[in-house]
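A.B. asks: First the structure, then my questions, so here it is.
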Amino acid sequence: MSIVDAWMQHPTLRHSQHEMFESLRRWTGSGLPEEQLPVAVTVSALEAADVEIGLSAAWYGPHGALISNDEVAGFVAEAGGRLRGVAGADLTRPVPAVRELRRAVEELGFVALRVVPWLWELPPTDRLYYPLYAACVELGVPFCTQVGHTGPLKPSETGRPIPYIDQVALDFPELTIVCGHIGYPWTTEMIAVADKHENVYIDTSAYTARRYPPELVQYLRGRGRRKVLFGTNYPMITPAQALEHLDQLELDEEARELFLSGNARRAFAL
């Protein structure tokens with residue numbers, strides 16, 4: 001069964017060496033990287049777990065790009081079809097941000113936009129996001145964002161599904177919104193928002209299968225089987241690590257296929 005990783009990134013040294021990720025390095029027991037990670041290593045990690053497509057994202061924050069759109073395009077070009085690009089944007093420059101998103105989609109072939117609210121310390125309802133939401137709808141690409149608490153050393157409030165994701169989905173009902181990192185400790189809120197809005201999805205990035213909250217597993221087995229996408233947050237978690245205990249979820253054949261691939265292919269038009 002082919003797999004799509006809905007949330008990952010091939011990092012630059014600017015990204016992986018950043019001080020805000022010290023907490024993640026502590027949790028994972030990894031040291032401060034000294035060399036750029038080769039694209040071939042990322043491709044091998046995807047292949048080892050039968051991940052056909054990894055959606056590799058840019059990272060833009062108030063102090064510039066930690067991973068630029070052009071760098072992502074370069075990684076995609078090296079990956080032999082294994083990676084697809086997800087754009088980033090500078091929220092503080094709304095008009096150039098929309099132009100850059102259009103370039104990323106129309107010229108670079110990117111399949112989505114990702115903005116990580118805690119990087120900006122601006123919730124998804126801030127007015128600076130709204131031109132990008134309209135552009136996503138016009139371009140036919142999803143908006144990906146983080147929900148739940150922040151592992152990195154930044155405030156967590158911007159990750160609340162209610163009111164933020166709920167309000168954005170009300171304001172932009174045509175916008176596909178993919179919410180990464182499950183929403184913990186507000187997972188029940190995230191499930192409620194996904195139930196309420198046709199175009200809101202949840203991805204499981206930053207969690208291994210055995211760490212999914214029980215309410216998410218129940219949702220994934222039942223009425224939410226068309227609402228949950230597999231993700232890793234690679235390189236923090238490899239696909240093999242994320243999937244190691246997949247069988248313990250006791251998904252039927254349909255739910256398993258939708259979770260690992262089908263829902264992502266539909267949401268991202270892959």
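Just so we're on the same page: first chain in the structure tokens is A, next is B, and so on; residues restart at 1 for each chain, and ligands are numbered from 1 in the order they show up.
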Could you please write out, as a PDB file with all heavy atoms, in the first residue's frame, every residue of stretch 45-268 of chain A that DSSP assigns to strand (DSSP E)?
C.D. replies:
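So the final result, stored in part.pdb, reads:
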ATOM      1  N   VAL A  51       6.959   5.073   1.710  1.00  0.00           N
ATOM      2  CA  VAL A  51       6.311   6.369   1.493  1.00  0.00           C
ATOM      3  C   VAL A  51       6.581   6.793   0.055  1.00  0.00           C
ATOM      4  O   VAL A  51       7.727   7.048  -0.321  1.00  0.00           O
ATOM      5  CB  VAL A  51       6.827   7.428   2.485  1.00  0.00           C
ATOM      6  CG1 VAL A  51       6.215   8.796   2.165  1.00  0.00           C
ATOM      7  CG2 VAL A  51       6.492   7.026   3.916  1.00  0.00           C
ATOM      8  N   GLU A  52       5.528   6.855  -0.730  1.00  0.00           N
ATOM      9  CA  GLU A  52       5.660   7.201  -2.150  1.00  0.00           C
ATOM     10  C   GLU A  52       5.899   8.692  -2.341  1.00  0.00           C
ATOM     11  O   GLU A  52       6.682   9.104  -3.205  1.00  0.00           O
ATOM     12  CB  GLU A  52       4.405   6.777  -2.905  1.00  0.00           C
ATOM     13  CG  GLU A  52       4.463   7.065  -4.398  1.00  0.00           C
ATOM     14  CD  GLU A  52       3.202   6.633  -5.120  1.00  0.00           C
ATOM     15  OE1 GLU A  52       2.351   5.953  -4.498  1.00  0.00           O
ATOM     16  OE2 GLU A  52       3.051   6.975  -6.305  1.00  0.00           O
ATOM     17  N   ILE A  53       5.220   9.523  -1.526  1.00  0.00           N
ATOM     18  CA  ILE A  53       5.310  10.976  -1.666  1.00  0.00           C
ATOM     19  C   ILE A  53       5.439  11.605  -0.291  1.00  0.00           C
ATOM     20  O   ILE A  53       4.641  11.333   0.609  1.00  0.00           O
ATOM     21  CB  ILE A  53       4.061  11.555  -2.360  1.00  0.00           C
ATOM     22  CG1 ILE A  53       3.895  10.974  -3.772  1.00  0.00           C
ATOM     23  CG2 ILE A  53       4.140  13.087  -2.433  1.00  0.00           C
ATOM     24  CD1 ILE A  53       2.587  11.362  -4.437  1.00  0.00           C
ATOM     25  N   GLY A  54       6.442  12.463  -0.130  1.00  0.00           N
ATOM     26  CA  GLY A  54       6.563  13.293   1.051  1.00  0.00           C
ATOM     27  C   GLY A  54       6.309  14.738   0.682  1.00  0.00           C
ATOM     28  O   GLY A  54       6.901  15.247  -0.276  1.00  0.00           O
ATOM     29  N   LEU A  55       5.432  15.408   1.410  1.00  0.00           N
ATOM     30  CA  LEU A  55       5.104  16.810   1.141  1.00  0.00           C
ATOM     31  C   LEU A  55       6.060  17.676   1.953  1.00  0.00           C
ATOM     32  O   LEU A  55       5.862  17.905   3.141  1.00  0.00           O
ATOM     33  CB  LEU A  55       3.648  17.093   1.484  1.00  0.00           C
ATOM     34  CG  LEU A  55       2.620  16.228   0.741  1.00  0.00           C
ATOM     35  CD1 LEU A  55       1.205  16.665   1.083  1.00  0.00           C
ATOM     36  CD2 LEU A  55       2.840  16.257  -0.759  1.00  0.00           C
ATOM     37  N   SER A  56       7.105  18.145   1.279  1.00  0.00           N
ATOM     38  CA  SER A  56       8.219  18.824   1.940  1.00  0.00           C
ATOM     39  C   SER A  56       7.997  20.330   1.929  1.00  0.00           C
ATOM     40  O   SER A  56       7.844  20.942   0.871  1.00  0.00           O
ATOM     41  CB  SER A  56       9.528  18.483   1.220  1.00  0.00           C
ATOM     42  OG  SER A  56      10.638  18.957   1.926  1.00  0.00           O
ATOM     43  N   ALA A  57       7.985  20.931   3.123  1.00  0.00           N
ATOM     44  CA  ALA A  57       7.541  22.316   3.259  1.00  0.00           C
ATOM     45  C   ALA A  57       8.683  23.298   3.456  1.00  0.00           C
ATOM     46  O   ALA A  57       9.722  22.984   4.050  1.00  0.00           O
ATOM     47  CB  ALA A  57       6.567  22.443   4.424  1.00  0.00           C
ATOM     48  N   TRP A  59       9.798  26.907   5.318  1.00  0.00           N
ATOM     49  CA  TRP A  59       9.563  27.509   6.640  1.00  0.00           C
ATOM     50  C   TRP A  59       9.907  28.982   6.577  1.00  0.00           C
ATOM     51  O   TRP A  59      11.075  29.332   6.382  1.00  0.00           O
ATOM     52  CB  TRP A  59      10.459  26.845   7.702  1.00  0.00           C
ATOM     53  CG  TRP A  59       9.902  25.609   8.306  1.00  0.00           C
ATOM     54  CD1 TRP A  59       9.686  24.414   7.687  1.00  0.00           C
ATOM     55  CD2 TRP A  59       9.524  25.432   9.676  1.00  0.00           C
ATOM     56  NE1 TRP A  59       9.194  23.502   8.579  1.00  0.00           N
ATOM     57  CE2 TRP A  59       9.089  24.093   9.816  1.00  0.00           C
ATOM     58  CE3 TRP A  59       9.526  26.274  10.792  1.00  0.00           C
ATOM     59  CZ2 TRP A  59       8.644  23.580  11.025  1.00  0.00           C
ATOM     60  CZ3 TRP A  59       9.088  25.756  11.995  1.00  0.00           C
ATOM     61  CH2 TRP A  59       8.652  24.428  12.108  1.00  0.00           C
ATOM     62  N   TYR A  60       8.894  29.837   6.743  1.00  0.00           N
ATOM     63  CA  TYR A  60       9.104  31.286   6.782  1.00  0.00           C
ATOM     64  C   TYR A  60       8.664  31.813   8.136  1.00  0.00           C
ATOM     65  O   TYR A  60       7.603  31.442   8.647  1.00  0.00           O
ATOM     66  CB  TYR A  60       8.305  31.984   5.676  1.00  0.00           C
ATOM     67  CG  TYR A  60       8.930  31.865   4.307  1.00  0.00           C
ATOM     68  CD1 TYR A  60       8.916  30.659   3.615  1.00  0.00           C
ATOM     69  CD2 TYR A  60       9.555  32.951   3.702  1.00  0.00           C
ATOM     70  CE1 TYR A  60       9.495  30.536   2.360  1.00  0.00           C
ATOM     71  CE2 TYR A  60      10.135  32.841   2.446  1.00  0.00           C
ATOM     72  CZ  TYR A  60      10.097  31.634   1.785  1.00  0.00           C
ATOM     73  OH  TYR A  60      10.681  31.517   0.544  1.00  0.00           O
ATOM     74  N   GLY A  61       9.479  32.704   8.711  1.00  0.00           N
ATOM     75  CA  GLY A  61       9.155  33.328   9.981  1.00  0.00           C
ATOM     76  C   GLY A  61       9.483  34.808   9.949  1.00  0.00           C
ATOM     77  O   GLY A  61       9.926  35.347   8.927  1.00  0.00           O
ATOM     78  N   GLY A  64      12.890  35.840   8.515  1.00  0.00           N
ATOM     79  CA  GLY A  64      13.312  35.336   7.213  1.00  0.00           C
ATOM     80  C   GLY A  64      13.013  33.860   7.038  1.00  0.00           C
ATOM     81  O   GLY A  64      12.337  33.230   7.864  1.00  0.00           O
ATOM     82  N   ALA A  65      13.534  33.310   5.954  1.00  0.00           N
ATOM     83  CA  ALA A  65      13.247  31.922   5.598  1.00  0.00           C
ATOM     84  C   ALA A  65      14.257  30.981   6.244  1.00  0.00           C
ATOM     85  O   ALA A  65      15.460  31.112   6.027  1.00  0.00           O
ATOM     86  CB  ALA A  65      13.279  31.765   4.084  1.00  0.00           C
ATOM     87  N   LEU A  66      13.751  30.034   7.015  1.00  0.00           N
ATOM     88  CA  LEU A  66      14.599  28.953   7.510  1.00  0.00           C
ATOM     89  C   LEU A  66      14.774  27.882   6.438  1.00  0.00           C
ATOM     90  O   LEU A  66      15.806  27.210   6.381  1.00  0.00           O
ATOM     91  CB  LEU A  66      13.998  28.341   8.769  1.00  0.00           C
ATOM     92  CG  LEU A  66      13.910  29.262   9.987  1.00  0.00           C
ATOM     93  CD1 LEU A  66      13.212  28.567  11.146  1.00  0.00           C
ATOM     94  CD2 LEU A  66      15.293  29.733  10.398  1.00  0.00           C
ATOM     95  N   ILE A  67      13.750  27.713   5.624  1.00  0.00           N
ATOM     96  CA  ILE A  67      13.813  26.893   4.414  1.00  0.00           C
ATOM     97  C   ILE A  67      13.029  27.661   3.352  1.00  0.00           C
ATOM     98  O   ILE A  67      11.819  27.856   3.502  1.00  0.00           O
ATOM     99  CB  ILE A  67      13.194  25.497   4.593  1.00  0.00           C
ATOM    100  CG1 ILE A  67      13.738  24.790   5.838  1.00  0.00           C
ATOM    101  CG2 ILE A  67      13.436  24.644   3.352  1.00  0.00           C
ATOM    102  CD1 ILE A  67      13.015  23.484   6.169  1.00  0.00           C
ATOM    103  N   LEU A  83       9.470  13.656  -3.525  1.00  0.00           N
ATOM    104  CA  LEU A  83       9.033  14.831  -2.774  1.00  0.00           C
ATOM    105  C   LEU A  83       8.157  15.726  -3.628  1.00  0.00           C
ATOM    106  O   LEU A  83       8.371  15.847  -4.839  1.00  0.00           O
ATOM    107  CB  LEU A  83      10.232  15.642  -2.276  1.00  0.00           C
ATOM    108  CG  LEU A  83      11.184  14.986  -1.285  1.00  0.00           C
ATOM    109  CD1 LEU A  83      12.349  15.927  -0.969  1.00  0.00           C
ATOM    110  CD2 LEU A  83      10.463  14.592  -0.004  1.00  0.00           C
ATOM    111  N   ARG A  84       7.187  16.380  -2.991  1.00  0.00           N
ATOM    112  CA  ARG A  84       6.418  17.466  -3.606  1.00  0.00           C
ATOM    113  C   ARG A  84       6.530  18.671  -2.682  1.00  0.00           C
ATOM    114  O   ARG A  84       6.603  18.545  -1.464  1.00  0.00           O
ATOM    115  CB  ARG A  84       4.940  17.078  -3.780  1.00  0.00           C
ATOM    116  CG  ARG A  84       4.710  15.858  -4.646  1.00  0.00           C
ATOM    117  CD  ARG A  84       5.059  16.087  -6.116  1.00  0.00           C
ATOM    118  NE  ARG A  84       4.237  17.106  -6.719  1.00  0.00           N
ATOM    119  CZ  ARG A  84       3.035  16.863  -7.270  1.00  0.00           C
ATOM    120  NH1 ARG A  84       2.525  15.636  -7.247  1.00  0.00           N
ATOM    121  NH2 ARG A  84       2.342  17.833  -7.815  1.00  0.00           N
ATOM    122  N   GLY A  85       6.512  19.863  -3.274  1.00  0.00           N
ATOM    123  CA  GLY A  85       6.760  21.071  -2.516  1.00  0.00           C
ATOM    124  C   GLY A  85       5.510  21.661  -1.870  1.00  0.00           C
ATOM    125  O   GLY A  85       4.423  21.660  -2.452  1.00  0.00           O
ATOM    126  N   VAL A  86       5.703  22.196  -0.660  1.00  0.00           N
ATOM    127  CA  VAL A  86       4.681  22.960   0.054  1.00  0.00           C
ATOM    128  C   VAL A  86       5.276  24.328   0.346  1.00  0.00           C
ATOM    129  O   VAL A  86       6.355  24.434   0.933  1.00  0.00           O
ATOM    130  CB  VAL A  86       4.267  22.259   1.365  1.00  0.00           C
ATOM    131  CG1 VAL A  86       3.321  23.137   2.175  1.00  0.00           C
ATOM    132  CG2 VAL A  86       3.618  20.908   1.058  1.00  0.00           C
ATOM    133  N   LEU A 113       0.125  25.450   0.746  1.00  0.00           N
ATOM    134  CA  LEU A 113       0.790  26.483   1.537  1.00  0.00           C
ATOM    135  C   LEU A 113       0.811  26.028   2.984  1.00  0.00           C
ATOM    136  O   LEU A 113      -0.177  25.493   3.483  1.00  0.00           O
ATOM    137  CB  LEU A 113       0.027  27.805   1.442  1.00  0.00           C
ATOM    138  CG  LEU A 113       0.439  28.922   2.432  1.00  0.00           C
ATOM    139  CD1 LEU A 113       1.822  29.470   2.098  1.00  0.00           C
ATOM    140  CD2 LEU A 113      -0.593  30.037   2.443  1.00  0.00           C
ATOM    141  N   ARG A 114       1.940  26.224   3.655  1.00  0.00           N
ATOM    142  CA  ARG A 114       1.980  25.965   5.095  1.00  0.00           C
ATOM    143  C   ARG A 114       2.463  27.220   5.822  1.00  0.00           C
ATOM    144  O   ARG A 114       3.488  27.796   5.464  1.00  0.00           O
ATOM    145  CB  ARG A 114       2.912  24.807   5.452  1.00  0.00           C
ATOM    146  CG  ARG A 114       2.813  24.430   6.949  1.00  0.00           C
ATOM    147  CD  ARG A 114       4.054  23.742   7.469  1.00  0.00           C
ATOM    148  NE  ARG A 114       4.205  22.399   6.965  1.00  0.00           N
ATOM    149  CZ  ARG A 114       5.264  21.639   7.259  1.00  0.00           C
ATOM    150  NH1 ARG A 114       6.236  22.105   8.030  1.00  0.00           N
ATOM    151  NH2 ARG A 114       5.361  20.416   6.748  1.00  0.00           N
ATOM    152  N   VAL A 115       1.720  27.610   6.838  1.00  0.00           N
ATOM    153  CA  VAL A 115       2.131  28.673   7.754  1.00  0.00           C
ATOM    154  C   VAL A 115       2.050  28.111   9.174  1.00  0.00           C
ATOM    155  O   VAL A 115       1.021  27.539   9.558  1.00  0.00           O
ATOM    156  CB  VAL A 115       1.248  29.930   7.624  1.00  0.00           C
ATOM    157  CG1 VAL A 115       1.693  30.986   8.643  1.00  0.00           C
ATOM    158  CG2 VAL A 115       1.315  30.494   6.213  1.00  0.00           C
ATOM    159  N   PHE A 143      -4.456  24.928   2.666  1.00  0.00           N
ATOM    160  CA  PHE A 143      -3.686  25.662   3.662  1.00  0.00           C
ATOM    161  C   PHE A 143      -3.358  24.698   4.787  1.00  0.00           C
ATOM    162  O   PHE A 143      -4.250  24.101   5.393  1.00  0.00           O
ATOM    163  CB  PHE A 143      -4.493  26.848   4.195  1.00  0.00           C
ATOM    164  CG  PHE A 143      -3.869  27.524   5.390  1.00  0.00           C
ATOM    165  CD1 PHE A 143      -2.697  28.244   5.256  1.00  0.00           C
ATOM    166  CD2 PHE A 143      -4.462  27.420   6.648  1.00  0.00           C
ATOM    167  CE1 PHE A 143      -2.113  28.861   6.368  1.00  0.00           C
ATOM    168  CE2 PHE A 143      -3.894  28.040   7.756  1.00  0.00           C
ATOM    169  CZ  PHE A 143      -2.705  28.755   7.613  1.00  0.00           C
ATOM    170  N   CYS A 144      -2.083  24.526   5.072  1.00  0.00           N
ATOM    171  CA  CYS A 144      -1.629  23.636   6.147  1.00  0.00           C
ATOM    172  C   CYS A 144      -1.146  24.473   7.320  1.00  0.00           C
ATOM    173  O   CYS A 144      -0.436  25.466   7.131  1.00  0.00           O
ATOM    174  CB  CYS A 144      -0.495  22.742   5.656  1.00  0.00           C
ATOM    175  SG  CYS A 144      -0.898  21.776   4.185  1.00  0.00           S
ATOM    176  N   THR A 145      -1.516  24.052   8.512  1.00  0.00           N
ATOM    177  CA  THR A 145      -1.122  24.811   9.686  1.00  0.00           C
ATOM    178  C   THR A 145      -0.981  23.882  10.882  1.00  0.00           C
ATOM    179  O   THR A 145      -1.422  22.728  10.847  1.00  0.00           O
ATOM    180  CB  THR A 145      -2.143  25.926   9.978  1.00  0.00           C
ATOM    181  OG1 THR A 145      -1.602  26.835  10.931  1.00  0.00           O
ATOM    182  CG2 THR A 145      -3.472  25.359  10.477  1.00  0.00           C
ATOM    183  N   GLN A 146      -0.347  24.385  11.932  1.00  0.00           N
ATOM    184  CA  GLN A 146      -0.109  23.600  13.138  1.00  0.00           C
ATOM    185  C   GLN A 146      -1.221  23.841  14.150  1.00  0.00           C
ATOM    186  O   GLN A 146      -1.672  24.964  14.337  1.00  0.00           O
ATOM    187  CB  GLN A 146       1.251  23.973  13.744  1.00  0.00           C
ATOM    188  CG  GLN A 146       1.568  23.306  15.066  1.00  0.00           C
ATOM    189  CD  GLN A 146       1.153  24.153  16.270  1.00  0.00           C
ATOM    190  OE1 GLN A 146       0.811  25.331  16.139  1.00  0.00           O
ATOM    191  NE2 GLN A 146       1.137  23.555  17.443  1.00  0.00           N
ATOM    192  N   ILE A 177      -8.321  23.003   4.710  1.00  0.00           N
ATOM    193  CA  ILE A 177      -7.404  23.276   5.814  1.00  0.00           C
ATOM    194  C   ILE A 177      -6.922  21.941   6.375  1.00  0.00           C
ATOM    195  O   ILE A 177      -7.743  21.110   6.794  1.00  0.00           O
ATOM    196  CB  ILE A 177      -8.087  24.089   6.934  1.00  0.00           C
ATOM    197  CG1 ILE A 177      -8.735  25.356   6.363  1.00  0.00           C
ATOM    198  CG2 ILE A 177      -7.095  24.445   8.023  1.00  0.00           C
ATOM    199  CD1 ILE A 177      -9.593  26.118   7.373  1.00  0.00           C
ATOM    200  N   VAL A 178      -5.620  21.741   6.367  1.00  0.00           N
ATOM    201  CA  VAL A 178      -5.027  20.526   6.924  1.00  0.00           C
ATOM    202  C   VAL A 178      -4.276  20.912   8.187  1.00  0.00           C
ATOM    203  O   VAL A 178      -3.323  21.693   8.144  1.00  0.00           O
ATOM    204  CB  VAL A 178      -4.090  19.841   5.919  1.00  0.00           C
ATOM    205  CG1 VAL A 178      -3.480  18.585   6.539  1.00  0.00           C
ATOM    206  CG2 VAL A 178      -4.843  19.485   4.637  1.00  0.00           C
ATOM    207  N   CYS A 179      -4.720  20.381   9.317  1.00  0.00           N
ATOM    208  CA  CYS A 179      -4.225  20.778  10.629  1.00  0.00           C
ATOM    209  C   CYS A 179      -3.256  19.728  11.156  1.00  0.00           C
ATOM    210  O   CYS A 179      -3.659  18.613  11.507  1.00  0.00           O
ATOM    211  CB  CYS A 179      -5.393  20.956  11.592  1.00  0.00           C
ATOM    212  SG  CYS A 179      -6.580  22.207  11.048  1.00  0.00           S
ATOM    213  N   GLY A 180      -1.981  20.086  11.199  1.00  0.00           N
ATOM    214  CA  GLY A 180      -0.956  19.145  11.595  1.00  0.00           C
ATOM    215  C   GLY A 180      -0.738  19.090  13.092  1.00  0.00           C
ATOM    216  O   GLY A 180      -0.980  20.059  13.814  1.00  0.00           O
ATOM    217  N   VAL A 200     -12.086  20.590   6.471  1.00  0.00           N
ATOM    218  CA  VAL A 200     -11.053  20.598   7.511  1.00  0.00           C
ATOM    219  C   VAL A 200     -10.593  19.170   7.787  1.00  0.00           C
ATOM    220  O   VAL A 200     -11.411  18.273   7.993  1.00  0.00           O
ATOM    221  CB  VAL A 200     -11.564  21.252   8.810  1.00  0.00           C
ATOM    222  CG1 VAL A 200     -10.537  21.090   9.940  1.00  0.00           C
ATOM    223  CG2 VAL A 200     -11.855  22.732   8.576  1.00  0.00           C
ATOM    224  N   TYR A 201      -9.269  18.980   7.796  1.00  0.00           N
ATOM    225  CA  TYR A 201      -8.652  17.678   8.019  1.00  0.00           C
ATOM    226  C   TYR A 201      -7.646  17.766   9.165  1.00  0.00           C
ATOM    227  O   TYR A 201      -7.189  18.847   9.531  1.00  0.00           O
ATOM    228  CB  TYR A 201      -7.930  17.205   6.755  1.00  0.00           C
ATOM    229  CG  TYR A 201      -8.826  16.977   5.570  1.00  0.00           C
ATOM    230  CD1 TYR A 201      -9.178  18.027   4.720  1.00  0.00           C
ATOM    231  CD2 TYR A 201      -9.322  15.705   5.279  1.00  0.00           C
ATOM    232  CE1 TYR A 201     -10.004  17.820   3.622  1.00  0.00           C
ATOM    233  CE2 TYR A 201     -10.146  15.491   4.178  1.00  0.00           C
ATOM    234  CZ  TYR A 201     -10.481  16.552   3.353  1.00  0.00           C
ATOM    235  OH  TYR A 201     -11.298  16.347   2.276  1.00  0.00           O
ATOM    236  N   ILE A 202      -7.281  16.611   9.691  1.00  0.00           N
ATOM    237  CA  ILE A 202      -6.288  16.482  10.755  1.00  0.00           C
ATOM    238  C   ILE A 202      -5.145  15.632  10.214  1.00  0.00           C
ATOM    239  O   ILE A 202      -5.389  14.613   9.566  1.00  0.00           O
ATOM    240  CB  ILE A 202      -6.890  15.786  11.991  1.00  0.00           C
ATOM    241  CG1 ILE A 202      -8.164  16.491  12.464  1.00  0.00           C
ATOM    242  CG2 ILE A 202      -5.865  15.698  13.120  1.00  0.00           C
ATOM    243  CD1 ILE A 202      -8.972  15.678  13.475  1.00  0.00           C
ATOM    244  N   ASP A 203      -3.891  16.016  10.487  1.00  0.00           N
ATOM    245  CA  ASP A 203      -2.806  15.072  10.206  1.00  0.00           C
ATOM    246  C   ASP A 203      -2.070  14.725  11.494  1.00  0.00           C
ATOM    247  O   ASP A 203      -2.097  15.476  12.463  1.00  0.00           O
ATOM    248  CB  ASP A 203      -1.888  15.558   9.085  1.00  0.00           C
ATOM    249  CG  ASP A 203      -0.730  16.439   9.515  1.00  0.00           C
ATOM    250  OD1 ASP A 203      -0.033  16.093  10.482  1.00  0.00           O
ATOM    251  OD2 ASP A 203      -0.496  17.478   8.862  1.00  0.00           O
ATOM    252  N   VAL A 228      -8.622  12.081   8.449  1.00  0.00           N
ATOM    253  CA  VAL A 228      -7.314  12.027   9.111  1.00  0.00           C
ATOM    254  C   VAL A 228      -6.260  11.569   8.125  1.00  0.00           C
ATOM    255  O   VAL A 228      -6.435  10.576   7.408  1.00  0.00           O
ATOM    256  CB  VAL A 228      -7.347  11.098  10.339  1.00  0.00           C
ATOM    257  CG1 VAL A 228      -6.011  11.168  11.085  1.00  0.00           C
ATOM    258  CG2 VAL A 228      -8.491  11.476  11.277  1.00  0.00           C
ATOM    259  N   LEU A 229      -5.136  12.295   8.092  1.00  0.00           N
ATOM    260  CA  LEU A 229      -4.030  12.035   7.171  1.00  0.00           C
ATOM    261  C   LEU A 229      -2.785  11.648   7.962  1.00  0.00           C
ATOM    262  O   LEU A 229      -2.522  12.203   9.030  1.00  0.00           O
ATOM    263  CB  LEU A 229      -3.695  13.279   6.341  1.00  0.00           C
ATOM    264  CG  LEU A 229      -4.604  13.712   5.205  1.00  0.00           C
ATOM    265  CD1 LEU A 229      -6.017  14.022   5.666  1.00  0.00           C
ATOM    266  CD2 LEU A 229      -4.009  14.947   4.511  1.00  0.00           C
TER     267      LEU A 229
END
A.B. asks: Need the shell around A:Ser16: protein/DNA/RNA residues with any atom at most 12 Å away, counting only C-alpha atoms. Skip same-chain ones fewer than 4 positions apart. Format as a list of chain:residue names?
C.D. replies: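 Contacts, in chain order: A:Gln9, A:His10, A:Pro11, A:Thr12, A:Met20, A:Phe21, A:Glu22, A:Leu24, A:Arg25, A:Ser30, A:Gly31, A:Leu32, A:Pro33, A:Glu34, A:Glu35, A:Gln36, A:Leu37, A:Trp59, A:Leu66, A:Ile67, A:Pro152, A:Tyr234, A:Pro235, A:Met236.
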A.B. asks: Show me, as number ranges by chain, the residues that have an atom within 10 Å of A:Asp50 when counting only C-alpha atoms, minus same-chain residues fewer than 5 positions from it.
C.D. replies: A: 1-4, 44-45, 239-240
A.B. asks: Suppose we keep C-alpha atoms; can you now write the selection as a PDB file, in the first residue's frame?
C.D. replies:
ATOM      1  CA  MET A   1       0.000   0.000   0.000  1.00  0.00           C
ATOM      2  CA  SER A   2       1.484   3.361  -1.028  1.00  0.00           C
ATOM      3  CA  ILE A   3       1.834   6.044   1.638  1.00  0.00           C
ATOM      4  CA  VAL A   4       1.767   9.846   1.554  1.00  0.00           C
ATOM      5  CA  SER A  44      16.038   6.625   1.698  1.00  0.00           C
ATOM      6  CA  ALA A  45      14.031   7.253   4.872  1.00  0.00           C
ATOM      7  CA  PRO A 239       8.257   7.329   8.650  1.00  0.00           C
ATOM      8  CA  ALA A 240       9.424   3.935   9.934  1.00  0.00           C
TER       9      ALA A 240
END
A.B. asks: Between A:Glu254, A:Glu157, A:Glu215, A:Asp70, which one has atoms that come closest to A:Thr188, using only C-alpha atoms?
C.D. replies: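 Under the stated criterion, the closest residue is A:Glu215.
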A.B. asks: Based on the backbone DSSP call, show me all residues of stretch 96-250 of chain A assigned helix (DSSP H, G or I), as a VMD selection string.
C.D. replies: chain A and resid 96 to 106 117 to 120 127 to 139 157 to 159 161 to 171 187 to 196 209 to 211 214 to 221 239 to 243 246 to 249
